[in-house]
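Student: You'll find final.tsv just under this line, and it carries TSV, C-alpha atoms.
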chain	number	residue	atom	x	y	z
A	1	MET	CA	-131.44	56.91	-14.42
A	2	TYR	CA	-130.51	60.48	-13.54
A	3	ASN	CA	-129.71	60.68	-9.80
A	4	ILE	CA	-132.09	63.42	-8.67
A	5	LEU	CA	-131.31	63.24	-4.97
A	6	LYS	CA	-127.54	63.27	-5.41
A	7	GLU	CA	-127.74	66.38	-7.59
A	8	ALA	CA	-130.15	68.18	-5.26
A	9	ARG	CA	-128.05	67.31	-2.23
A	10	GLN	CA	-124.88	68.73	-3.78
A	11	ILE	CA	-126.61	71.98	-4.72
A	12	ARG	CA	-128.31	72.36	-1.37
A	13	ARG	CA	-125.15	71.79	0.62
A	14	HIS	CA	-123.17	74.30	-1.40
A	15	LEU	CA	-125.85	76.96	-0.99
A	16	HIS	CA	-126.16	76.13	2.71
A	17	MET	CA	-122.48	76.94	3.23
A	18	TYR	CA	-122.81	80.40	1.69
A	19	PRO	CA	-126.06	81.96	2.94
A	20	GLU	CA	-126.96	85.54	2.11
A	21	VAL	CA	-129.87	87.68	3.26
A	22	GLY	CA	-132.46	90.10	1.90
A	23	PHE	CA	-131.45	91.54	-1.45
A	24	GLU	CA	-127.72	91.06	-0.76
A	25	LEU	CA	-127.52	87.83	-2.74
A	26	GLU	CA	-124.83	88.26	-5.37
A	27	GLY	CA	-123.09	84.96	-4.69
A	28	THR	CA	-126.36	83.05	-4.63
A	29	ALA	CA	-127.65	84.76	-7.77
A	30	CYS	CA	-124.43	84.07	-9.69
A	31	PHE	CA	-124.55	80.39	-8.71
A	32	ILE	CA	-128.14	80.07	-9.99
A	33	GLU	CA	-127.35	81.90	-13.23
A	34	THR	CA	-124.31	79.74	-13.93
A	35	TYR	CA	-126.15	76.51	-13.19
A	36	LEU	CA	-129.10	77.34	-15.44
A	37	ASN	CA	-126.90	78.66	-18.24
A	38	ASP	CA	-124.83	75.47	-18.13
A	39	ILE	CA	-127.94	73.36	-18.84
A	40	GLY	CA	-129.04	75.64	-21.67
A	41	ILE	CA	-131.52	77.90	-19.88
A	42	LYS	CA	-131.04	81.61	-20.49
A	43	THR	CA	-131.54	83.83	-17.47
A	44	GLU	CA	-132.31	87.44	-16.73
A	45	ARG	CA	-132.09	89.53	-13.58
A	46	ILE	CA	-135.06	91.19	-11.95
A	47	ALA	CA	-135.07	93.48	-8.92
A	48	GLY	CA	-131.28	93.30	-8.82
A	49	MET	CA	-130.89	89.83	-7.36
A	50	GLY	CA	-133.94	87.96	-8.61
A	51	ILE	CA	-133.36	85.39	-11.37
A	52	ILE	CA	-135.79	84.37	-14.11
A	53	GLY	CA	-135.34	81.45	-16.46
A	54	TYR	CA	-137.64	79.88	-19.06
A	55	ILE	CA	-138.13	76.27	-20.06
A	56	ALA	CA	-139.64	76.54	-23.52
A	57	GLY	CA	-142.79	74.55	-24.21
A	58	LYS	CA	-144.05	72.85	-27.35
A	59	ASP	CA	-146.68	75.52	-27.93
A	60	LYS	CA	-145.67	79.11	-27.18
A	61	THR	CA	-149.29	80.24	-27.49
A	62	LYS	CA	-150.24	78.24	-24.41
A	63	PRO	CA	-150.31	79.98	-21.01
A	64	VAL	CA	-147.14	80.20	-18.96
A	65	LEU	CA	-146.88	78.38	-15.63
A	66	ALA	CA	-144.54	79.94	-13.07
A	67	LEU	CA	-142.64	77.99	-10.41
A	68	ARG	CA	-141.13	80.04	-7.60
A	69	SER	CA	-138.29	79.42	-5.14
A	70	ASP	CA	-137.13	81.85	-2.46
A	71	MET	CA	-133.39	82.52	-2.12
A	72	ASP	CA	-132.54	84.35	1.09
A	73	ALA	CA	-131.30	83.04	4.43
A	74	CYS	CA	-131.91	84.17	8.02
A	75	PRO	CA	-129.73	86.44	10.19
A	76	LEU	CA	-128.88	83.58	12.58
A	77	GLN	CA	-125.62	82.08	13.77
A	78	GLU	CA	-125.74	78.39	12.89
A	79	GLU	CA	-125.35	75.96	15.81
A	80	THR	CA	-125.38	72.63	13.95
A	81	ASN	CA	-122.48	70.20	13.54
A	82	LEU	CA	-123.06	69.70	9.83
A	83	ASP	CA	-120.02	69.19	7.62
A	84	PHE	CA	-121.51	71.83	5.33
A	85	LYS	CA	-122.52	74.36	7.99
A	86	SER	CA	-122.59	78.06	7.16
A	87	LYS	CA	-119.27	79.74	6.43
A	88	ASN	CA	-120.85	83.20	6.56
A	89	ARG	CA	-120.87	84.16	10.22
A	90	GLY	CA	-124.22	85.41	11.51
A	91	PHE	CA	-126.18	84.02	8.55
A	92	MET	CA	-127.86	80.65	8.14
A	93	HIS	CA	-130.35	78.88	5.88
A	94	ALA	CA	-132.73	78.09	8.75
A	95	CYS	CA	-135.92	78.08	6.69
A	96	GLY	CA	-135.06	75.61	3.96
A	97	HIS	CA	-134.55	78.12	1.15
A	98	ASP	CA	-131.26	76.40	0.26
A	99	ALA	CA	-133.25	73.24	-0.44
A	100	HIS	CA	-135.99	75.20	-2.22
A	101	MET	CA	-133.41	76.50	-4.71
A	102	ALA	CA	-131.89	73.05	-5.08
A	103	ILE	CA	-135.32	71.61	-5.86
A	104	LEU	CA	-136.05	74.04	-8.67
A	105	LEU	CA	-132.57	73.85	-10.16
A	106	THR	CA	-132.54	70.05	-10.07
A	107	LEU	CA	-136.03	69.93	-11.56
A	108	ALA	CA	-134.83	72.01	-14.52
A	109	LYS	CA	-131.85	69.69	-15.05
A	110	TYR	CA	-134.00	66.59	-14.61
A	111	LEU	CA	-136.41	67.70	-17.33
A	112	SER	CA	-133.43	68.37	-19.59
A	113	GLU	CA	-131.81	65.01	-18.85
A	114	VAL	CA	-134.96	63.06	-19.74
A	115	ASN	CA	-135.60	65.27	-22.79
A	116	TYR	CA	-139.02	66.30	-21.57
A	117	VAL	CA	-140.60	69.30	-23.29
A	118	PRO	CA	-143.71	70.63	-21.53
A	119	GLU	CA	-146.87	71.49	-23.44
A	120	GLY	CA	-146.51	75.16	-22.51
A	121	SER	CA	-143.61	77.24	-21.23
A	122	ILE	CA	-142.44	77.22	-17.60
A	123	LYS	CA	-141.12	80.36	-15.93
A	124	LEU	CA	-138.62	79.70	-13.15
A	125	ILE	CA	-138.62	82.48	-10.54
A	126	PHE	CA	-135.87	82.72	-7.94
A	127	GLN	CA	-137.00	85.40	-5.52
A	128	PRO	CA	-134.93	87.39	-3.01
A	129	ALA	CA	-136.03	88.90	0.30
A	130	GLU	CA	-138.82	86.53	1.33
A	131	GLU	CA	-137.74	86.63	4.97
A	132	ILE	CA	-138.18	90.40	5.17
A	133	GLY	CA	-141.49	90.30	3.29
A	134	THR	CA	-140.56	92.62	0.41
A	135	GLY	CA	-139.26	90.33	-2.31
A	136	ALA	CA	-142.53	89.23	-3.93
A	137	LYS	CA	-143.95	92.77	-3.95
A	138	THR	CA	-140.78	94.09	-5.58
A	139	LEU	CA	-140.80	91.46	-8.32
A	140	ILE	CA	-144.50	92.00	-8.98
A	141	ALA	CA	-143.93	95.74	-9.33
A	142	GLU	CA	-141.22	94.99	-11.90
A	143	GLY	CA	-143.59	92.84	-13.97
A	144	VAL	CA	-142.62	89.29	-13.07
A	145	LEU	CA	-146.21	88.06	-13.53
A	146	GLU	CA	-147.05	89.87	-16.76
A	147	ASP	CA	-146.82	86.74	-18.94
A	148	VAL	CA	-147.89	84.27	-16.24
A	149	GLU	CA	-151.29	82.56	-16.05
A	150	ALA	CA	-150.74	80.72	-12.76
A	151	ILE	CA	-147.97	80.31	-10.18
A	152	ILE	CA	-146.91	77.38	-7.97
A	153	GLY	CA	-144.84	77.61	-4.81
A	154	TYR	CA	-143.70	75.09	-2.22
A	155	HIS	CA	-142.17	74.99	1.25
A	156	LEU	CA	-140.42	72.19	3.11
A	157	TRP	CA	-142.20	71.47	6.39
A	158	PRO	CA	-140.32	69.93	9.35
A	159	GLU	CA	-143.41	68.89	11.30
A	160	TRP	CA	-144.14	66.04	8.89
A	161	GLU	CA	-141.92	63.19	7.75
A	162	SER	CA	-140.74	62.87	4.17
A	163	GLY	CA	-143.36	61.54	1.79
A	164	ILE	CA	-146.16	63.76	3.14
A	165	ILE	CA	-147.64	66.55	1.01
A	166	GLN	CA	-150.26	69.16	1.80
A	167	ALA	CA	-152.03	71.32	-0.77
A	168	LYS	CA	-154.99	72.85	0.99
A	169	ASP	CA	-157.94	74.60	-0.63
A	170	GLY	CA	-158.27	78.22	0.48
A	171	ALA	CA	-156.23	79.49	3.43
A	172	GLN	CA	-152.93	77.60	3.51
A	173	MET	CA	-150.84	80.04	5.56
A	174	ALA	CA	-151.76	82.90	7.87
A	175	GLY	CA	-151.60	86.54	7.02
A	176	SER	CA	-149.14	88.45	9.18
A	177	ASP	CA	-149.28	92.00	10.52
A	178	LYS	CA	-146.81	93.83	12.73
A	179	PHE	CA	-148.11	96.54	15.04
A	180	LYS	CA	-146.16	99.18	16.94
A	181	ILE	CA	-147.66	101.40	19.63
A	182	THR	CA	-145.76	104.44	20.88
A	183	LEU	CA	-147.02	106.10	24.06
A	184	THR	CA	-145.69	109.50	25.06
A	185	GLY	CA	-146.22	110.94	28.53
A	186	ARG	CA	-144.18	113.19	30.80
A	187	GLY	CA	-141.02	111.97	32.51
A	188	GLY	CA	-140.13	112.66	36.10
A	189	HIS	CA	-138.55	111.55	39.35
A	190	GLY	CA	-139.63	108.19	40.75
A	191	ALA	CA	-140.28	109.90	44.12
A	192	TYR	CA	-142.98	112.14	42.61
A	193	PRO	CA	-145.10	110.07	40.22
A	194	PHE	CA	-147.99	112.54	40.46
A	195	LYS	CA	-145.83	115.15	38.70
A	196	ALA	CA	-145.31	112.83	35.72
A	197	LEU	CA	-147.44	110.96	33.19
A	198	ASN	CA	-145.98	107.47	33.23
A	199	PRO	CA	-146.39	105.73	29.83
A	200	ILE	CA	-145.48	102.36	31.36
A	201	ASN	CA	-148.75	102.28	33.26
A	202	GLY	CA	-150.71	102.80	30.06
A	203	ALA	CA	-148.55	100.28	28.22
A	204	ALA	CA	-149.21	97.61	30.85
A	205	GLU	CA	-152.97	98.07	30.57
A	206	ILE	CA	-152.87	98.13	26.77
A	207	CYS	CA	-150.91	94.85	26.74
A	208	SER	CA	-153.46	93.27	29.03
A	209	GLY	CA	-156.32	94.49	26.84
A	210	ILE	CA	-154.69	93.25	23.63
A	211	ASN	CA	-154.10	89.81	25.11
A	212	MET	CA	-157.81	89.45	25.81
A	213	ILE	CA	-158.96	90.39	22.28
A	214	PRO	CA	-159.04	86.92	20.63
A	215	GLY	CA	-161.01	85.26	23.42
A	216	ARG	CA	-163.38	88.22	23.67
A	217	VAL	CA	-164.26	88.91	20.04
A	218	LEU	CA	-163.62	85.73	18.03
A	219	LYS	CA	-165.87	82.70	17.77
A	220	THR	CA	-162.87	80.38	17.62
A	221	LEU	CA	-159.21	80.86	18.58
A	222	GLU	CA	-158.15	78.63	15.69
A	223	TYR	CA	-158.28	81.45	13.21
A	224	ALA	CA	-156.06	84.07	14.88
A	225	SER	CA	-152.87	84.40	16.85
A	226	LEU	CA	-152.10	87.66	18.64
A	227	SER	CA	-148.97	88.24	20.68
A	228	ILE	CA	-146.87	90.99	22.25
A	229	GLY	CA	-143.23	90.44	21.40
A	230	LYS	CA	-141.48	93.58	22.62
A	231	ILE	CA	-141.94	96.27	25.27
A	232	LYS	CA	-139.33	99.00	25.67
A	233	SER	CA	-139.29	101.90	28.10
A	234	GLY	CA	-137.08	103.56	30.67
A	235	THR	CA	-133.37	103.55	31.44
A	236	ILE	CA	-133.13	103.31	35.23
A	237	PHE	CA	-135.31	102.15	38.13
A	238	ASN	CA	-136.01	105.55	39.75
A	239	VAL	CA	-136.73	107.71	36.71
A	240	ILE	CA	-140.16	107.80	35.11
A	241	PRO	CA	-139.63	107.66	31.33
A	242	GLU	CA	-141.33	109.81	28.75
A	243	VAL	CA	-141.92	107.13	26.13
A	244	ALA	CA	-143.00	103.47	26.06
A	245	VAL	CA	-143.09	101.31	22.93
A	246	ILE	CA	-145.04	98.09	22.38
A	247	GLU	CA	-144.54	95.82	19.38
A	248	GLY	CA	-146.48	92.72	18.48
A	249	SER	CA	-147.66	90.30	15.84
A	250	LEU	CA	-151.06	89.35	14.49
A	251	ARG	CA	-151.64	86.19	12.45
A	252	THR	CA	-155.03	85.55	10.87
A	253	LEU	CA	-156.64	83.04	8.52
A	254	ALA	CA	-159.83	84.99	7.81
A	255	PHE	CA	-160.06	88.49	6.36
A	256	GLU	CA	-162.92	89.51	8.64
A	257	ASN	CA	-160.99	88.46	11.75
A	258	ARG	CA	-158.00	90.54	10.68
A	259	GLN	CA	-160.10	93.67	10.29
A	260	LEU	CA	-161.93	93.04	13.55
A	261	ILE	CA	-158.75	92.57	15.60
A	262	LEU	CA	-156.93	95.52	14.05
A	263	GLU	CA	-159.89	97.73	14.91
A	264	GLU	CA	-159.94	96.38	18.48
A	265	ILE	CA	-156.22	97.12	18.92
A	266	LYS	CA	-156.85	100.66	17.69
A	267	ASN	CA	-159.78	101.21	20.06
A	268	ILE	CA	-157.98	99.80	23.10
A	269	THR	CA	-154.90	101.90	22.43
A	270	GLU	CA	-156.80	105.16	21.94
A	271	ASN	CA	-159.11	104.69	24.94
A	272	ILE	CA	-156.42	103.68	27.43
A	273	ALA	CA	-154.02	106.37	26.23
A	274	LYS	CA	-156.75	108.94	26.69
A	275	ALA	CA	-157.54	107.66	30.19
A	276	TYR	CA	-153.86	108.03	31.18
A	277	ARG	CA	-153.51	111.37	29.36
A	278	LEU	CA	-150.89	109.97	27.04
A	279	LYS	CA	-150.28	110.68	23.39
A	280	SER	CA	-150.48	107.54	21.27
A	281	ASP	CA	-149.22	106.62	17.85
A	282	LEU	CA	-150.29	103.29	16.35
A	283	ASN	CA	-148.67	101.84	13.25
A	284	PHE	CA	-149.72	98.68	11.42
A	285	ARG	CA	-147.59	97.04	8.72
A	286	GLN	CA	-148.74	94.06	6.73
A	287	ILE	CA	-145.91	91.56	6.40
A	288	ALA	CA	-147.93	89.22	4.18
A	289	PRO	CA	-151.61	88.74	3.37
A	290	ILE	CA	-153.46	85.49	4.02
A	291	LEU	CA	-152.15	82.90	1.57
A	292	MET	CA	-155.24	81.71	-0.30
A	293	ASN	CA	-154.71	78.69	-2.54
A	294	ASP	CA	-156.69	78.22	-5.72
A	295	SER	CA	-158.82	75.10	-5.17
A	296	GLY	CA	-158.47	73.83	-8.73
A	297	LEU	CA	-154.68	74.02	-8.65
A	298	ALA	CA	-154.62	72.54	-5.15
A	299	GLU	CA	-156.55	69.53	-6.47
A	300	LEU	CA	-154.10	69.19	-9.36
A	301	ILE	CA	-151.18	69.21	-6.89
A	302	ARG	CA	-152.79	66.62	-4.63
A	303	LYS	CA	-153.25	64.26	-7.56
A	304	ALA	CA	-149.74	64.98	-8.82
A	305	ALA	CA	-148.32	64.19	-5.38
A	306	GLN	CA	-150.09	60.84	-5.34
A	307	GLU	CA	-148.87	60.10	-8.87
A	308	ALA	CA	-145.35	60.79	-7.54
A	309	GLY	CA	-145.84	58.27	-4.73
A	310	GLN	CA	-146.47	60.77	-1.93
A	311	LYS	CA	-149.11	60.62	0.78
A	312	LEU	CA	-151.48	63.45	1.59
A	313	VAL	CA	-151.44	64.87	5.10
A	314	LYS	CA	-154.17	63.46	7.32
A	315	THR	CA	-154.91	66.61	9.33
A	316	ASN	CA	-155.57	69.16	6.61
A	317	ARG	CA	-155.29	72.37	8.62
A	318	PRO	CA	-153.67	75.68	7.65
A	319	VAL	CA	-150.45	76.74	9.36
A	320	MET	CA	-149.90	79.99	11.26
A	321	VAL	CA	-146.61	81.03	9.69
A	322	SER	CA	-146.77	83.51	6.81
A	323	GLU	CA	-145.17	83.71	3.37
A	324	ASP	CA	-144.86	86.60	0.92
A	325	PHE	CA	-145.87	84.17	-1.84
A	326	ALA	CA	-149.34	85.32	-0.82
A	327	PHE	CA	-148.77	88.58	-2.71
A	328	TYR	CA	-148.53	86.65	-5.99
A	329	LEU	CA	-151.89	85.07	-5.26
A	330	GLN	CA	-153.49	88.49	-5.09
A	331	GLU	CA	-152.49	88.91	-8.73
A	332	ARG	CA	-152.77	85.43	-10.27
A	333	PRO	CA	-154.33	82.04	-9.45
A	334	GLY	CA	-151.84	79.87	-7.65
A	335	THR	CA	-151.13	77.42	-4.87
A	336	LEU	CA	-148.33	76.87	-2.38
A	337	PHE	CA	-147.96	73.33	-1.12
A	338	LEU	CA	-146.06	71.93	1.88
A	339	ILE	CA	-143.59	69.05	1.68
A	340	GLY	CA	-142.78	66.93	4.71
A	341	ALA	CA	-139.06	67.19	5.57
A	342	GLY	CA	-138.87	66.32	9.26
A	343	GLN	CA	-136.07	64.25	10.71
A	344	LYS	CA	-137.03	61.40	13.01
A	345	GLU	CA	-134.22	62.28	15.38
A	346	ALA	CA	-133.40	65.78	16.69
A	347	ASN	CA	-136.17	67.42	14.69
A	348	THR	CA	-136.23	71.22	14.91
A	349	PHE	CA	-138.63	73.81	13.54
A	350	LEU	CA	-137.91	76.61	11.09
A	351	HIS	CA	-135.83	79.65	12.12
A	352	ASN	CA	-133.96	77.64	14.72
A	353	PRO	CA	-130.11	77.87	14.80
A	354	GLN	CA	-130.01	74.05	14.94
A	355	PHE	CA	-132.41	73.56	12.03
A	356	ASP	CA	-131.78	70.82	9.49
A	357	LEU	CA	-134.02	68.79	7.19
A	358	ASP	CA	-134.43	65.36	5.66
A	359	GLU	CA	-132.85	65.79	2.24
A	360	ASN	CA	-135.00	62.98	0.81
A	361	ALA	CA	-137.80	65.53	0.81
A	362	MET	CA	-136.11	67.33	-2.09
A	363	GLN	CA	-136.57	64.34	-4.39
A	364	ASN	CA	-140.20	64.07	-3.29
A	365	ALA	CA	-140.73	67.71	-4.20
A	366	ILE	CA	-139.00	67.39	-7.58
A	367	LEU	CA	-141.05	64.37	-8.63
A	368	THR	CA	-144.26	66.07	-7.49
A	369	LEU	CA	-143.41	69.22	-9.45
A	370	ALA	CA	-142.70	67.10	-12.53
A	371	GLU	CA	-146.16	65.57	-12.23
A	372	ILE	CA	-147.71	69.03	-11.78
A	373	ILE	CA	-146.04	70.17	-15.00
A	374	LYS	CA	-147.35	67.15	-16.89
A	375	GLY	CA	-150.88	67.77	-15.68
A	376	TYR	CA	-151.16	71.53	-15.85
A	377	TRP	CA	-151.88	72.03	-19.57
A	378	LEU	CA	-154.39	69.19	-19.59
A	379	GLU	CA	-156.63	71.28	-17.38
A	380	VAL	CA	-160.18	71.60	-18.65
A	381	LYS	CA	-162.89	73.87	-17.29
A	382	GLY	CA	-164.75	72.14	-14.53
A	383	GLY	CA	-161.91	69.80	-13.67
A	384	PHE	CA	-158.67	68.15	-14.76
A	385	ASN	CA	-157.77	65.22	-16.94
A	386	HIS	CA	-156.35	62.77	-14.41
A	387	GLU	CA	-155.01	60.29	-16.96
A	388	HIS	CA	-151.77	58.69	-15.73
A	389	ARG	CA	-148.79	60.33	-17.43
A	390	THR	CA	-145.09	59.51	-17.38
A	391	ILE	CA	-142.14	61.44	-18.74
The structure given in the file should be rewritten as structure tokens.

Tutor:
Amino acid sequence: MYNILKEARQIRRHLHMYPEVGFELEGTACFIETYLNDIGIKTERIAGMGIIGYIAGKDKTKPVLALRSDMDACPLQEETNLDFKSKNRGFMHACGHDAHMAILLTLAKYLSEVNYVPEGSIKLIFQPAEEIGTGAKTLIAEGVLEDVEAIIGYHLWPEWESGIIQAKDGAQMAGSDKFKITLTGRGGHGAYPFKALNPINGAAEICSGINMIPGRVLKTLEYASLSIGKIKSGTIFNVIPEVAVIEGSLRTLAFENRQLILEEIKNITENIAKAYRLKSDLNFRQIAPILMNDSGLAELIRKAAQEAGQKLVKTNRPVMVSEDFAFYLQERPGTLFLIGAGQKEANTFLHNPQFDLDENAMQNAILTLAEIIKGYWLEVKGGFNHEHRTI
């Protein structure tokens, strides 16, 4: 029997030692290309560092199913004691993308080793720049979905132990927006505040107003998270500055709540700036939209997970982190599912310099993806054929 976990572990640990960020992924891209080419899968580049490979199906007229893995690491200095810790100073795979790549590569080799040919073709997508929120949009603009009917993504999740899977209908992950408010007043001497227009005063009141928005306008706090993450103004204690800058994050799980809160931030900023006679500039940037799973595909994944011996999560709630996989779902039906990967001891969350994961989760993901592939082309309108299938 082909040793799935051993193979995935070797790949993951190699990639973990050589993390790269954003679109600067030449080493990572070359590794993926070489691995796929060695098992007979031709590859092509997209968006410079993205990699595409195809597993040919029995019937080329059938729709193509895409499977996506992200590639990039985080700009963090690793603080673990792992034997395979990062060798690239200042960079670390702290979000599990090393394991995500290992899962998809090992899946491709596993299907080859057991001589399994899917009913339709599978498109493997290795995507750069997920952490900075631009990778999916760039690949979409370059046509990565043109031949794709549906797309599946996955993410290891450290809050649950291995053997737990979640594929939620509808909102799976929050949409994320960054906002930046720039207030411009008139600087002056700290001894004569009446001769100046102090933007810090306006900034303080705006922050207070923003913090009250969720409790004031939403029916439930479960569906939004609003926070101020950065305030910058001034250089010395006795000089009134000219400019103050506020930056923050909005996470939402409902489209109407997003629009409502963005409008409230705009109104608060404009009204308070006017009251303090300050000029205001407000900029919103969407990092990722709300990740909305297709319910039919989510059901297929849940059944596939159970076929693979996994358990479904008991508390089926969305999570407040965001993922640029959501941009694919604005173009094609798809689902992203979560895979328990928590360690019983010294468990840490994503984006932590001490982050690590239970590598057994990679085998769980691979077996679940194999079951998804077996079930996908048996889909019928109004449901799925849930007949037990083995490779």

Student: If I take CA of Gly248 in chain A and CA of Gln127 in chain A, how far is one from the other in Å, to one decimal?

Tutor: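 For CA of Gly248 in chain A relative to CA of Gln127 in chain A, the distance reads 26.8 Å.
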
Student: Given the point (-153.1, 66.7, 4.7) in the file's coordinates, find the residues that have an atom at most 10 Å from it, counting all atoms listed in the file, and give them as a list of chain:residue names.

Tutor: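 Here the neighbourhood of the point contains A:Trp160, A:Ile164, A:Ile165, A:Gln166, A:Ala167, A:Lys168, A:Arg302, A:Lys311, A:Leu312, A:Val313, A:Lys314, A:Thr315, A:Asn316, A:Arg317, A:Pro318, A:Leu338.
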
Student: Might you pull out every residue within 6 Å of range 96-112 of chain A, with all atoms listed in the file counted and same-chain residues fewer than 5 positions away left off, and present them as a list in words?

Tutor: Ala8, Ile11, Arg12, Leu15, His16, Ser69, Asp70, Met71, Met362 and Ile366 of chain A

Student: Please indicate the distance in Å from CA of Leu76 in chain A to CA of Glu159 in chain A, rounded to one decimal place.

Tutor: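 Those two atoms sit 20.7 Å apart.
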
Student: Which residues are near Asn360 in chain A? Cut-off 10 Å, all atoms listed in the file, ignore same chain within fewer than 2 positions. Put them as a PyMOL selection string.

Tutor: chain A and resi 4-6+8-9+161-163+340-342+357-358+362-365

Student: What does the distance from CA of Gly133 in chain A to CA of Gly175 in chain A come to in Å, to one decimal?

Tutor: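 That distance, rounded to one decimal, is 11.4 Å.
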
Student: Extract, using all atoms listed in the file, all DNA, RNA and protein residues at most 10 Å from Ile246 in chain A, discarding same-chain residues fewer than 3 positions from it, and format them as a ChimeraX atom specification.

Tutor: /A:179-183,200,203-204,206-207,228-233,282

Student: Take the residues from that selection and put them in a file with C-alpha atoms, as a PDB file, in the coordinates of the input.

Tutor:
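Writing done, so here's selection.pdb:
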ATOM      1  CA  PHE A 179    -148.110  96.540  15.040  1.00  0.00           C
ATOM      2  CA  LYS A 180    -146.160  99.180  16.940  1.00  0.00           C
ATOM      3  CA  ILE A 181    -147.660 101.400  19.630  1.00  0.00           C
ATOM      4  CA  THR A 182    -145.760 104.440  20.880  1.00  0.00           C
ATOM      5  CA  LEU A 183    -147.020 106.100  24.060  1.00  0.00           C
ATOM      6  CA  ILE A 200    -145.480 102.360  31.360  1.00  0.00           C
ATOM      7  CA  ALA A 203    -148.550 100.280  28.220  1.00  0.00           C
ATOM      8  CA  ALA A 204    -149.210  97.610  30.850  1.00  0.00           C
ATOM      9  CA  ILE A 206    -152.870  98.130  26.770  1.00  0.00           C
ATOM     10  CA  CYS A 207    -150.910  94.850  26.740  1.00  0.00           C
ATOM     11  CA  ILE A 228    -146.870  90.990  22.250  1.00  0.00           C
ATOM     12  CA  GLY A 229    -143.230  90.440  21.400  1.00  0.00           C
ATOM     13  CA  LYS A 230    -141.480  93.580  22.620  1.00  0.00           C
ATOM     14  CA  ILE A 231    -141.940  96.270  25.270  1.00  0.00           C
ATOM     15  CA  LYS A 232    -139.330  99.000  25.670  1.00  0.00           C
ATOM     16  CA  SER A 233    -139.290 101.900  28.100  1.00  0.00           C
ATOM     17  CA  LEU A 282    -150.290 103.290  16.350  1.00  0.00           C
TER      18      LEU A 282
END

Student: Which residue gives the smallest distance to Asp169 in chain A among A:Ala224, A:Ile52, A:Leu25, A:Ala298, with only C-alpha atoms counted?

Tutor: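 Of all the options, A:Ala298 lies closest to Asp169 in chain A.
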
Student: Find the residues near Gly48 in chain A: any atom within 12 Å, counting all atoms listed in the file, skip ones fewer than 3 places away on the same chain, and give them as number ranges by chain.

Tutor: A: 22-26, 29-30, 44-45, 51-52, 126-129, 135, 138-139, 142

Student: Tell me, as a list of chain:residue names, which residues lie within 9 Å of range 53-59 of chain A, counting all atoms listed in the file; anything in the same chain fewer than 5 positions away does not count.

Tutor: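 Near neighbours after the sequence-gap exclusion: A:Glu33, A:Leu36, A:Ile41, A:Lys42, A:Thr43, A:Glu44, A:Val64, A:Ala108, A:Val117, A:Pro118, A:Glu119, A:Gly120, A:Ser121, A:Ile122, A:Lys123, A:Leu124, A:Ile125, A:Phe126.
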
Student: Under the rule that all atoms listed in the file are counted, which of A:Tyr223, A:Tyr2, A:Phe91, A:Tyr154 is the nearest residue to Ala254 in chain A?

Tutor: A:Tyr223

Student: Using all atoms listed in the file, can you tell me which of A:Gly40, A:Gly190, A:Pro158, A:Gly334 comes closest to Leu300 in chain A?

Tutor: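 Looking at the shortest contact to Leu300 in chain A, the residue is A:Gly334.
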